>>> print(open('run_14.cif').read())   # mmCIF, C-alpha atoms
data_my_file
#
loop_
_atom_site.label_atom_id
_atom_site.label_comp_id
_atom_site.auth_asym_id
_atom_site.auth_seq_id
_atom_site.Cartn_x
_atom_site.Cartn_y
_atom_site.Cartn_z
CA MET R 12 -13.26 13.31 21.03
CA GLU R 13 -10.90 10.76 22.60
CA ALA R 14 -11.43 8.36 19.68
CA TYR R 15 -10.39 11.09 17.22
CA LEU R 16 -7.18 11.73 19.14
CA LYS R 17 -6.42 8.01 19.33
CA ALA R 18 -6.87 7.65 15.58
CA ALA R 19 -4.65 10.67 14.88
CA LEU R 20 -1.91 9.44 17.22
CA THR R 21 -2.04 6.00 15.60
CA GLN R 22 -1.44 7.68 12.25
CA LEU R 23 1.62 9.30 13.82
CA GLU R 24 2.88 5.78 14.68
CA CYS R 25 2.32 6.00 18.43
CA ASN R 26 1.90 2.70 20.26
CA GLN R 27 -0.89 2.00 22.77
CA LYS R 28 1.11 3.02 25.86
CA GLU R 29 2.22 6.27 24.23
CA ILE R 30 -1.39 7.04 23.33
CA ARG R 31 -2.52 6.25 26.88
CA LEU R 32 0.10 8.51 28.46
CA TYR R 33 -0.58 11.36 26.03
CA LEU R 34 -4.35 11.22 26.67
CA THR R 35 -3.75 11.11 30.42
CA CYS R 36 -1.52 14.17 30.23
CA TYR R 37 -3.97 15.95 27.92
CA LYS R 38 -6.80 15.44 30.43
CA LEU R 39 -4.79 16.29 33.55
CA GLY R 40 -2.87 19.23 32.13
CA ALA R 41 0.68 20.00 33.31
CA SER R 42 1.65 17.06 35.54
CA ARG R 43 4.61 15.42 37.23
CA ILE R 44 5.67 11.97 36.01
CA ALA R 45 4.42 10.32 39.23
CA GLU R 46 0.95 11.77 38.67
CA LEU R 47 0.90 10.64 35.06
CA ALA R 48 2.09 7.14 35.91
CA LYS R 49 -0.61 6.71 38.56
CA ALA R 50 -3.45 8.06 36.39
CA ALA R 51 -2.33 6.01 33.36
CA ARG R 52 -1.83 2.88 35.50
CA LEU R 53 1.81 2.51 34.51
CA GLN R 54 4.99 1.83 36.44
CA ARG R 55 6.79 5.10 37.09
CA SER R 56 9.92 3.92 35.26
CA THR R 57 7.79 2.83 32.27
CA ALA R 58 5.93 6.16 32.25
CA TYR R 59 9.24 8.02 32.25
CA VAL R 60 10.53 6.07 29.23
CA ILE R 61 7.27 6.65 27.34
CA ALA R 62 7.34 10.34 28.22
CA GLN R 63 10.82 10.59 26.70
CA GLN R 64 9.51 8.95 23.53
CA LEU R 65 6.64 11.42 23.34
CA LEU R 66 9.05 14.31 23.93
CA ALA R 67 11.12 13.07 20.98
CA LYS R 68 7.96 13.01 18.85
CA GLN R 69 7.09 16.53 20.06
CA LEU R 70 3.79 15.29 21.48
CA LEU R 71 4.80 16.24 25.02
CA ILE R 72 6.46 19.43 26.20
CA GLN R 73 8.67 19.48 29.30
CA ASP R 74 8.47 22.44 31.66
CA ASP R 75 11.53 22.51 33.93
CA GLY R 76 10.36 24.64 36.83
CA GLN R 77 12.51 25.57 39.81
CA TYR R 78 11.20 22.71 41.94
CA ASN R 79 9.14 20.46 39.68
CA LYS R 80 9.56 18.95 36.24
CA LEU R 81 6.16 19.06 34.52
CA PHE R 82 4.94 17.44 31.32
CA ILE R 83 2.38 19.15 29.09
CA ALA R 84 0.51 17.49 26.20
CA ALA R 85 0.82 19.12 22.78
CA GLU R 86 -2.37 20.83 21.60
CA PRO R 87 -4.53 19.16 18.91
CA GLU R 88 -3.48 21.89 16.48
CA VAL R 89 0.09 20.58 16.75
CA ILE R 90 -1.11 17.06 15.90
CA ILE R 91 -3.02 18.43 12.90
CA ARG R 92 0.15 20.10 11.60
CA MET R 93 2.08 16.86 12.07
CA LEU R 94 -0.53 14.89 10.14
CA GLU R 95 -0.58 17.44 7.32
CA ASN R 96 3.21 17.38 7.16
CA LYS R 97 3.17 13.58 7.01
CA LYS R 98 0.60 13.74 4.21
CA ARG R 99 2.83 16.10 2.23
CA LEU R 100 5.85 13.84 2.73
CA LEU R 101 3.90 10.77 1.58
CA ALA R 102 2.63 12.61 -1.49
CA ARG R 103 6.16 13.76 -2.31
CA SER R 104 7.51 10.21 -1.90
CA SER R 105 4.78 8.89 -4.19
CA ILE R 106 5.65 11.44 -6.88
CA VAL R 107 9.37 10.62 -6.64
CA LEU R 108 8.66 6.88 -6.97
CA LYS R 109 6.45 7.45 -10.01
CA ASP R 110 9.12 9.65 -11.62
CA HIS R 111 11.75 6.92 -11.14
CA LEU R 112 9.54 3.86 -11.73
CA GLU R 113 11.35 2.75 -14.89
CA GLU R 114 14.73 2.95 -13.15
CA LEU R 115 13.42 0.91 -10.23
CA GLN R 116 11.98 -1.74 -12.56
CA ALA R 117 15.30 -1.89 -14.42
CA LEU R 118 17.07 -2.40 -11.09
CA ARG R 119 14.82 -5.34 -10.34
CA GLN R 120 15.59 -6.87 -13.72
CA THR R 121 19.34 -6.66 -13.08
CA THR R 122 18.90 -8.72 -9.89
CA ASP R 123 16.61 -11.28 -11.52
CA ILE R 124 19.09 -14.13 -10.93
CA LEU R 125 17.56 -14.67 -7.47
CA PRO R 126 13.91 -15.75 -7.84
CA GLN R 127 11.20 -14.40 -5.57
CA VAL R 128 9.42 -17.40 -4.06
CA ARG R 129 6.19 -17.37 -2.03
CA THR R 130 4.43 -20.44 -0.64
CA TYR R 131 0.79 -20.91 0.38
CA ARG R 132 -1.23 -23.67 2.06
CA GLY R 133 -4.90 -24.47 2.43
CA THR R 134 -8.02 -22.88 0.98
CA SER R 135 -7.06 -19.34 2.06
CA GLY R 136 -3.70 -19.79 0.36
CA LEU R 137 -5.44 -21.00 -2.79
CA LEU R 138 -7.52 -17.80 -2.93
CA ALA R 139 -4.34 -15.71 -2.72
CA VAL R 140 -2.79 -17.74 -5.55
CA TRP R 141 -5.96 -17.43 -7.65
CA HIS R 142 -5.84 -13.64 -7.18
CA THR R 143 -2.25 -13.65 -8.44
CA ILE R 144 -3.15 -15.77 -11.48
CA LEU R 145 -6.19 -13.65 -12.34
CA SER R 146 -4.05 -10.51 -12.28
CA SER R 147 -2.21 -11.80 -15.37
CA LYS R 148 -1.54 -9.31 -18.16
CA THR R 149 -0.57 -12.07 -20.58
CA GLU R 150 -1.94 -15.36 -21.87
CA LEU R 151 -2.01 -18.19 -19.34
CA LEU R 152 -0.06 -21.35 -20.19
CA ILE R 153 -1.36 -24.20 -18.03
CA TRP R 154 -0.41 -27.81 -17.24
CA THR R 155 -3.27 -29.62 -15.53
CA ASN R 156 -4.64 -32.94 -14.36
CA GLN R 157 -8.36 -32.29 -14.09
CA ALA R 158 -8.99 -35.58 -12.28
CA THR R 159 -6.66 -34.58 -9.42
CA GLU R 160 -8.06 -31.06 -9.20
CA ARG R 161 -11.63 -32.28 -8.88
CA GLN R 162 -10.79 -34.56 -5.97
CA LEU R 163 -10.60 -31.41 -3.82
CA PHE R 164 -12.75 -28.86 -5.64
CA ALA R 165 -16.42 -28.89 -6.41
CA SER R 166 -17.64 -28.09 -9.90
CA ARG R 167 -18.84 -24.68 -8.61
CA GLN R 168 -15.30 -23.65 -7.57
CA HIS R 169 -13.83 -24.91 -10.85
CA HIS R 170 -16.31 -22.87 -12.90
CA GLN R 171 -15.96 -19.81 -10.67
CA PHE R 172 -12.26 -19.55 -11.54
CA ILE R 173 -12.99 -19.98 -15.26
CA ASP R 174 -15.80 -17.40 -15.16
CA GLU R 175 -13.54 -14.81 -13.51
CA ARG R 176 -10.80 -15.50 -16.06
CA ILE R 177 -13.27 -15.04 -18.92
CA ALA R 178 -14.63 -11.83 -17.37
CA LYS R 179 -11.09 -10.45 -17.32
CA ARG R 180 -10.56 -11.58 -20.95
CA ILE R 181 -7.50 -13.66 -20.04
CA SER R 182 -7.01 -16.29 -22.74
CA SER R 183 -5.28 -19.58 -22.01
CA ARG R 184 -3.59 -22.55 -23.59
CA VAL R 185 -3.86 -25.79 -21.64
CA LEU R 186 -1.94 -29.07 -21.75
CA THR R 187 -4.00 -31.62 -19.86
CA VAL R 188 -3.55 -35.24 -18.84
CA ASP R 189 -5.57 -37.45 -21.20
CA ASN R 190 -8.40 -38.71 -19.00
CA PRO R 191 -12.21 -38.29 -19.05
CA GLU R 192 -11.99 -35.02 -17.09
CA GLY R 193 -9.36 -33.65 -19.47
CA ARG R 194 -11.47 -34.55 -22.50
CA GLU R 195 -14.46 -32.84 -20.88
CA LEU R 196 -12.34 -29.67 -20.53
CA LEU R 197 -11.44 -29.88 -24.22
CA ARG R 198 -15.10 -29.84 -25.24
CA SER R 199 -15.75 -26.47 -23.54
CA ASP R 200 -12.81 -24.59 -25.14
CA THR R 201 -14.79 -22.30 -27.44
CA ALA R 202 -16.95 -20.83 -24.68
CA SER R 203 -13.94 -20.40 -22.37
CA ILE R 204 -11.48 -18.44 -24.61
CA ARG R 205 -9.17 -21.42 -24.22
CA THR R 206 -7.31 -23.89 -26.42
CA THR R 207 -6.70 -27.31 -24.87
CA ARG R 208 -4.51 -30.14 -26.07
CA LEU R 209 -4.24 -33.63 -24.61
CA LEU R 210 -0.87 -34.92 -23.48
CA PRO R 211 0.31 -38.39 -24.54
CA MET R 212 -1.59 -41.19 -22.76
CA ALA R 213 1.39 -42.22 -20.59
CA THR R 214 1.78 -38.71 -19.14
CA THR R 215 0.48 -38.21 -15.60
CA PHE R 216 1.09 -35.82 -12.67
CA SER R 217 -0.93 -34.30 -9.84
CA ALA R 218 0.17 -30.64 -9.77
CA GLU R 219 -1.08 -27.79 -11.96
CA THR R 220 1.38 -25.23 -13.34
CA TYR R 221 0.52 -21.72 -14.59
CA LEU R 222 2.96 -19.63 -16.64
CA PHE R 223 2.38 -15.88 -17.08
CA ASP R 224 3.96 -12.44 -16.50
CA ASN R 225 7.43 -13.91 -15.73
CA LYS R 226 5.80 -16.04 -13.02
CA VAL R 227 5.58 -19.79 -12.52
CA VAL R 228 2.73 -20.84 -10.22
CA ILE R 229 2.48 -24.44 -9.03
CA LEU R 230 -0.65 -25.78 -7.32
CA ASP R 231 -0.59 -29.32 -5.91
CA TYR R 232 -3.88 -30.90 -4.82
CA ASN R 233 -2.62 -34.44 -4.21
CA THR R 234 -3.08 -34.62 -0.40
CA GLU R 235 -3.59 -30.98 0.60
CA ILE R 236 -3.54 -27.63 -1.19
CA ILE R 237 0.00 -26.34 -1.69
CA GLY R 238 0.74 -23.23 -3.76
CA ILE R 239 4.17 -21.99 -4.87
CA VAL R 240 4.65 -18.70 -6.74
CA ILE R 241 8.05 -18.20 -8.39
CA GLU R 242 8.75 -14.82 -9.98
CA ASN R 243 11.84 -14.89 -12.17
CA SER R 244 12.20 -14.22 -15.91
CA LEU R 245 14.85 -16.92 -16.44
CA VAL R 246 12.80 -19.63 -14.71
CA TYR R 247 9.69 -18.47 -16.59
CA GLN R 248 11.46 -18.53 -19.98
CA ALA R 249 12.81 -22.05 -19.35
CA GLN R 250 9.38 -23.37 -18.34
CA LYS R 251 7.70 -21.61 -21.27
CA ALA R 252 10.19 -23.22 -23.71
CA ILE R 253 9.29 -26.66 -22.30
CA PHE R 254 5.58 -25.85 -22.56
CA GLU R 255 5.90 -24.74 -26.21
CA LEU R 256 7.83 -27.90 -27.10
CA CYS R 257 5.16 -30.09 -25.49
CA TRP R 258 2.41 -28.00 -27.09
CA HIS R 259 3.90 -28.66 -30.53
CA THR R 260 4.35 -32.36 -29.74
CA ALA R 261 0.76 -32.66 -28.51
CA ASP R 262 -0.45 -31.08 -31.77
CA ILE R 263 1.54 -33.61 -33.82
CA SER R 264 0.19 -36.49 -31.72
CA SER R 265 -3.36 -35.21 -32.18
CA SER R 266 -2.93 -34.96 -35.94
CA ALA R 267 -1.45 -38.48 -36.13
CA SER R 268 -4.39 -39.93 -34.18
CA HIS R 269 -6.76 -38.52 -36.77
#
>>> encode(input="run_14.cif", output="structure tokens")
Amino acid sequence: MEAYLKAALTQLECNQKEIRLYLTCYKLGASRIAELAKAARLQRSTAYVIAQQLLAKQLLIQDDGQYNKLFIAAEPEVIIRMLENKKRLLARSSIVLKDHLEELQALRQTTDILPQVRTYRGTSGLLAVWHTILSSKTELLIWTNQATERQLFASRQHHQFIDERIAKRISSRVLTVDNPEGRELLRSDTASIRTTRLLPMATTFSAETYLFDNKVVILDYNTEIIGIVIENSLVYQAQKAIFELCWHTADISSSASH
């Protein structure tokens, strides 16, 4: 029973001390603040402040008798009504947001001058970045140096990412550094819903860049895993223009070599 009350009070945004004082009052019945403080193992001044907070939340009732000021815990039925009211308010807020979703998205577009930037580190950060990339609704445009990537990742991890991308039917175009690892990637294009082109021989870098959904994601594996996610349509469009130019140049270079 106590666990149910604790869960309900947590849903009503009560902190641990508020929950403790409420449960103490509920068990004792109408009590003076000194009695509540002692039973709840709280300083009297602290118990008084918490009691005022619970009064404001209508989870305690104050009975001002002629000689004693007593506190009474609200009945569980009151808590049920509060939870149901909160549920109705949340549902109403959800409906209002859905009804005005296009306006909210338009508002975000008007403030697109300031990019949203998130940074990640380590393996756990990489997983968060992978989740972002694999949520793409558009084609992935990728710059990569496969030799650098494979210094930190086993073949199993490399193929896991590709398998998840294929399962989600996310196609990709890849510009890769011309090295043995990059050429190996090129050979598996057909099975990977991917088109890969080799960059000119002199081109080299360590970081990977992913372009999709107005996002630019940079992953650097040189010394440790660093991930940067930039969400901004202007930055995305500029990077995409550079990618398309290099894509066209790589195609010309490939044709010339043949």
>>> closest_residue(input="run_14.cif", among="R:Val185, R:Leu53, R:Ile44, R:Ala213", to="Lys28 in chain R", atoms="all atoms listed in the file")
R:Leu53
>>> atom_distance(input="run_14.cif", atom1="CA of Asn243 in chain R", atom2="CA of Ala139 in chain R")
18.8 Å
>>> closest_residue(input="run_14.cif", among="R:Leu115, R:Ser217, R:Ser183, R:Asp74", to="Thr201 in chain R", atoms="all atoms listed in the file")
R:Ser183
>>> resolve_selection(input="run_14.cif", expression="the PyMOL selection byres ((chain R and resi 207) around 10)", output="number ranges by chain")
R: 153-154, 183-187, 193-194, 196-201, 205-206, 208-210, 258, 261
>>> write_last_selection(input="run_14.cif", atoms="C-alpha atoms", output="compact mmCIF listing (two decimals), in the frame of the given file")
# COMPACT_ATOMS: atom_id res chain seq x y z
CA ILE R 153 -1.36 -24.20 -18.03
CA TRP R 154 -0.41 -27.81 -17.24
CA SER R 183 -5.28 -19.58 -22.01
CA ARG R 184 -3.59 -22.55 -23.59
CA VAL R 185 -3.86 -25.79 -21.64
CA LEU R 186 -1.94 -29.07 -21.75
CA THR R 187 -4.00 -31.62 -19.86
CA GLY R 193 -9.36 -33.65 -19.47
CA ARG R 194 -11.47 -34.55 -22.50
CA LEU R 196 -12.34 -29.67 -20.53
CA LEU R 197 -11.44 -29.88 -24.22
CA ARG R 198 -15.10 -29.84 -25.24
CA SER R 199 -15.75 -26.47 -23.54
CA ASP R 200 -12.81 -24.59 -25.14
CA THR R 201 -14.79 -22.30 -27.44
CA ARG R 205 -9.17 -21.42 -24.22
CA THR R 206 -7.31 -23.89 -26.42
CA ARG R 208 -4.51 -30.14 -26.07
CA LEU R 209 -4.24 -33.63 -24.61
CA LEU R 210 -0.87 -34.92 -23.48
CA TRP R 258 2.41 -28.00 -27.09
CA ALA R 261 0.76 -32.66 -28.51
>>> resolve_selection(input="run_14.cif", expression="the PyMOL selection byres ((chain R and resi 150) around 8)", output="compact mmCIF listing (two decimals) with C-alpha atoms, in the frame of the given file")
# COMPACT_ATOMS: atom_id res chain seq x y z
CA SER R 147 -2.21 -11.80 -15.37
CA LYS R 148 -1.54 -9.31 -18.16
CA THR R 149 -0.57 -12.07 -20.58
CA LEU R 151 -2.01 -18.19 -19.34
CA LEU R 152 -0.06 -21.35 -20.19
CA ILE R 181 -7.50 -13.66 -20.04
CA SER R 182 -7.01 -16.29 -22.74
CA SER R 183 -5.28 -19.58 -22.01
CA ARG R 184 -3.59 -22.55 -23.59
CA PHE R 223 2.38 -15.88 -17.08
>>> closest_residue(input="run_14.cif", among="R:Val228, R:Leu145, R:Met212, R:Ala19", to="Met93 in chain R", atoms="all atoms listed in the file")
R:Ala19
>>> atom_distance(input="run_14.cif", atom1="CA of Glu195 in chain R", atom2="CA of Tyr247 in chain R")
28.4 Å
>>> build_atoms(input="run_14.cif", residues="range 61-82 of chain R", atoms="N, CA and C atoms", output="mmCIF file, in the coordinates of the input")
data_model
loop_
_atom_site.group_PDB
_atom_site.id
_atom_site.type_symbol
_atom_site.label_atom_id
_atom_site.label_comp_id
_atom_site.auth_asym_id
_atom_site.auth_seq_id
_atom_site.Cartn_x
_atom_site.Cartn_y
_atom_site.Cartn_z
ATOM 1 N N ILE R 61 8.272 6.262 28.352
ATOM 2 C CA ILE R 61 7.270 6.650 27.340
ATOM 3 C C ILE R 61 7.220 8.153 27.187
ATOM 4 N N ALA R 62 7.337 8.866 28.284
ATOM 5 C CA ALA R 62 7.340 10.340 28.220
ATOM 6 C C ALA R 62 8.502 10.836 27.374
ATOM 7 N N GLN R 63 9.661 10.200 27.504
ATOM 8 C CA GLN R 63 10.820 10.590 26.700
ATOM 9 C C GLN R 63 10.546 10.331 25.205
ATOM 10 N N GLN R 64 9.861 9.246 24.922
ATOM 11 C CA GLN R 64 9.510 8.950 23.530
ATOM 12 C C GLN R 64 8.560 9.996 22.967
ATOM 13 N N LEU R 65 7.592 10.405 23.780
ATOM 14 C CA LEU R 65 6.640 11.420 23.340
ATOM 15 C C LEU R 65 7.305 12.790 23.207
ATOM 16 N N LEU R 66 8.274 13.060 24.062
ATOM 17 C CA LEU R 66 9.050 14.310 23.930
ATOM 18 C C LEU R 66 9.790 14.317 22.591
ATOM 19 N N ALA R 67 10.382 13.177 22.239
ATOM 20 C CA ALA R 67 11.120 13.070 20.980
ATOM 21 C C ALA R 67 10.192 13.270 19.785
ATOM 22 N N LYS R 68 8.940 12.847 19.927
ATOM 23 C CA LYS R 68 7.960 13.010 18.850
ATOM 24 C C LYS R 68 7.262 14.367 18.898
ATOM 25 N N GLN R 69 7.650 15.187 19.877
ATOM 26 C CA GLN R 69 7.090 16.530 20.060
ATOM 27 C C GLN R 69 5.603 16.504 20.399
ATOM 28 N N LEU R 70 5.173 15.399 21.035
ATOM 29 C CA LEU R 70 3.790 15.290 21.480
ATOM 30 C C LEU R 70 3.649 15.633 22.961
ATOM 31 N N LEU R 71 4.760 15.709 23.661
ATOM 32 C CA LEU R 71 4.800 16.240 25.020
ATOM 33 C C LEU R 71 5.805 17.384 25.069
ATOM 34 N N ILE R 72 5.536 18.319 25.952
ATOM 35 C CA ILE R 72 6.460 19.430 26.200
ATOM 36 C C ILE R 72 6.884 19.351 27.654
ATOM 37 N N GLN R 73 8.160 19.558 27.940
ATOM 38 C CA GLN R 73 8.670 19.480 29.300
ATOM 39 C C GLN R 73 8.896 20.887 29.848
ATOM 40 N N ASP R 74 8.315 21.143 30.993
ATOM 41 C CA ASP R 74 8.470 22.440 31.660
ATOM 42 C C ASP R 74 9.345 22.235 32.897
ATOM 43 N N ASP R 75 10.595 22.679 32.813
ATOM 44 C CA ASP R 75 11.530 22.510 33.930
ATOM 45 C C ASP R 75 11.417 23.701 34.887
ATOM 46 N N GLY R 76 10.518 23.569 35.847
ATOM 47 C CA GLY R 76 10.360 24.640 36.830
ATOM 48 C C GLY R 76 11.480 24.588 37.869
ATOM 49 N N GLN R 77 11.442 25.493 38.801
ATOM 50 C CA GLN R 77 12.510 25.570 39.810
ATOM 51 C C GLN R 77 12.494 24.350 40.716
ATOM 52 N N TYR R 78 11.302 23.829 41.023
ATOM 53 C CA TYR R 78 11.200 22.710 41.940
ATOM 54 C C TYR R 78 10.645 21.436 41.293
ATOM 55 N N ASN R 79 9.822 21.608 40.269
ATOM 56 C CA ASN R 79 9.140 20.460 39.680
ATOM 57 C C ASN R 79 9.370 20.385 38.168
ATOM 58 N N LYS R 80 9.492 19.164 37.680
ATOM 59 C CA LYS R 80 9.560 18.950 36.240
ATOM 60 C C LYS R 80 8.174 18.510 35.789
ATOM 61 N N LEU R 81 7.528 19.330 34.959
ATOM 62 C CA LEU R 81 6.160 19.060 34.520
ATOM 63 C C LEU R 81 6.127 18.674 33.044
ATOM 64 N N PHE R 82 5.154 17.834 32.709
ATOM 65 C CA PHE R 82 4.940 17.440 31.320
ATOM 66 C C PHE R 82 3.595 17.982 30.861
#
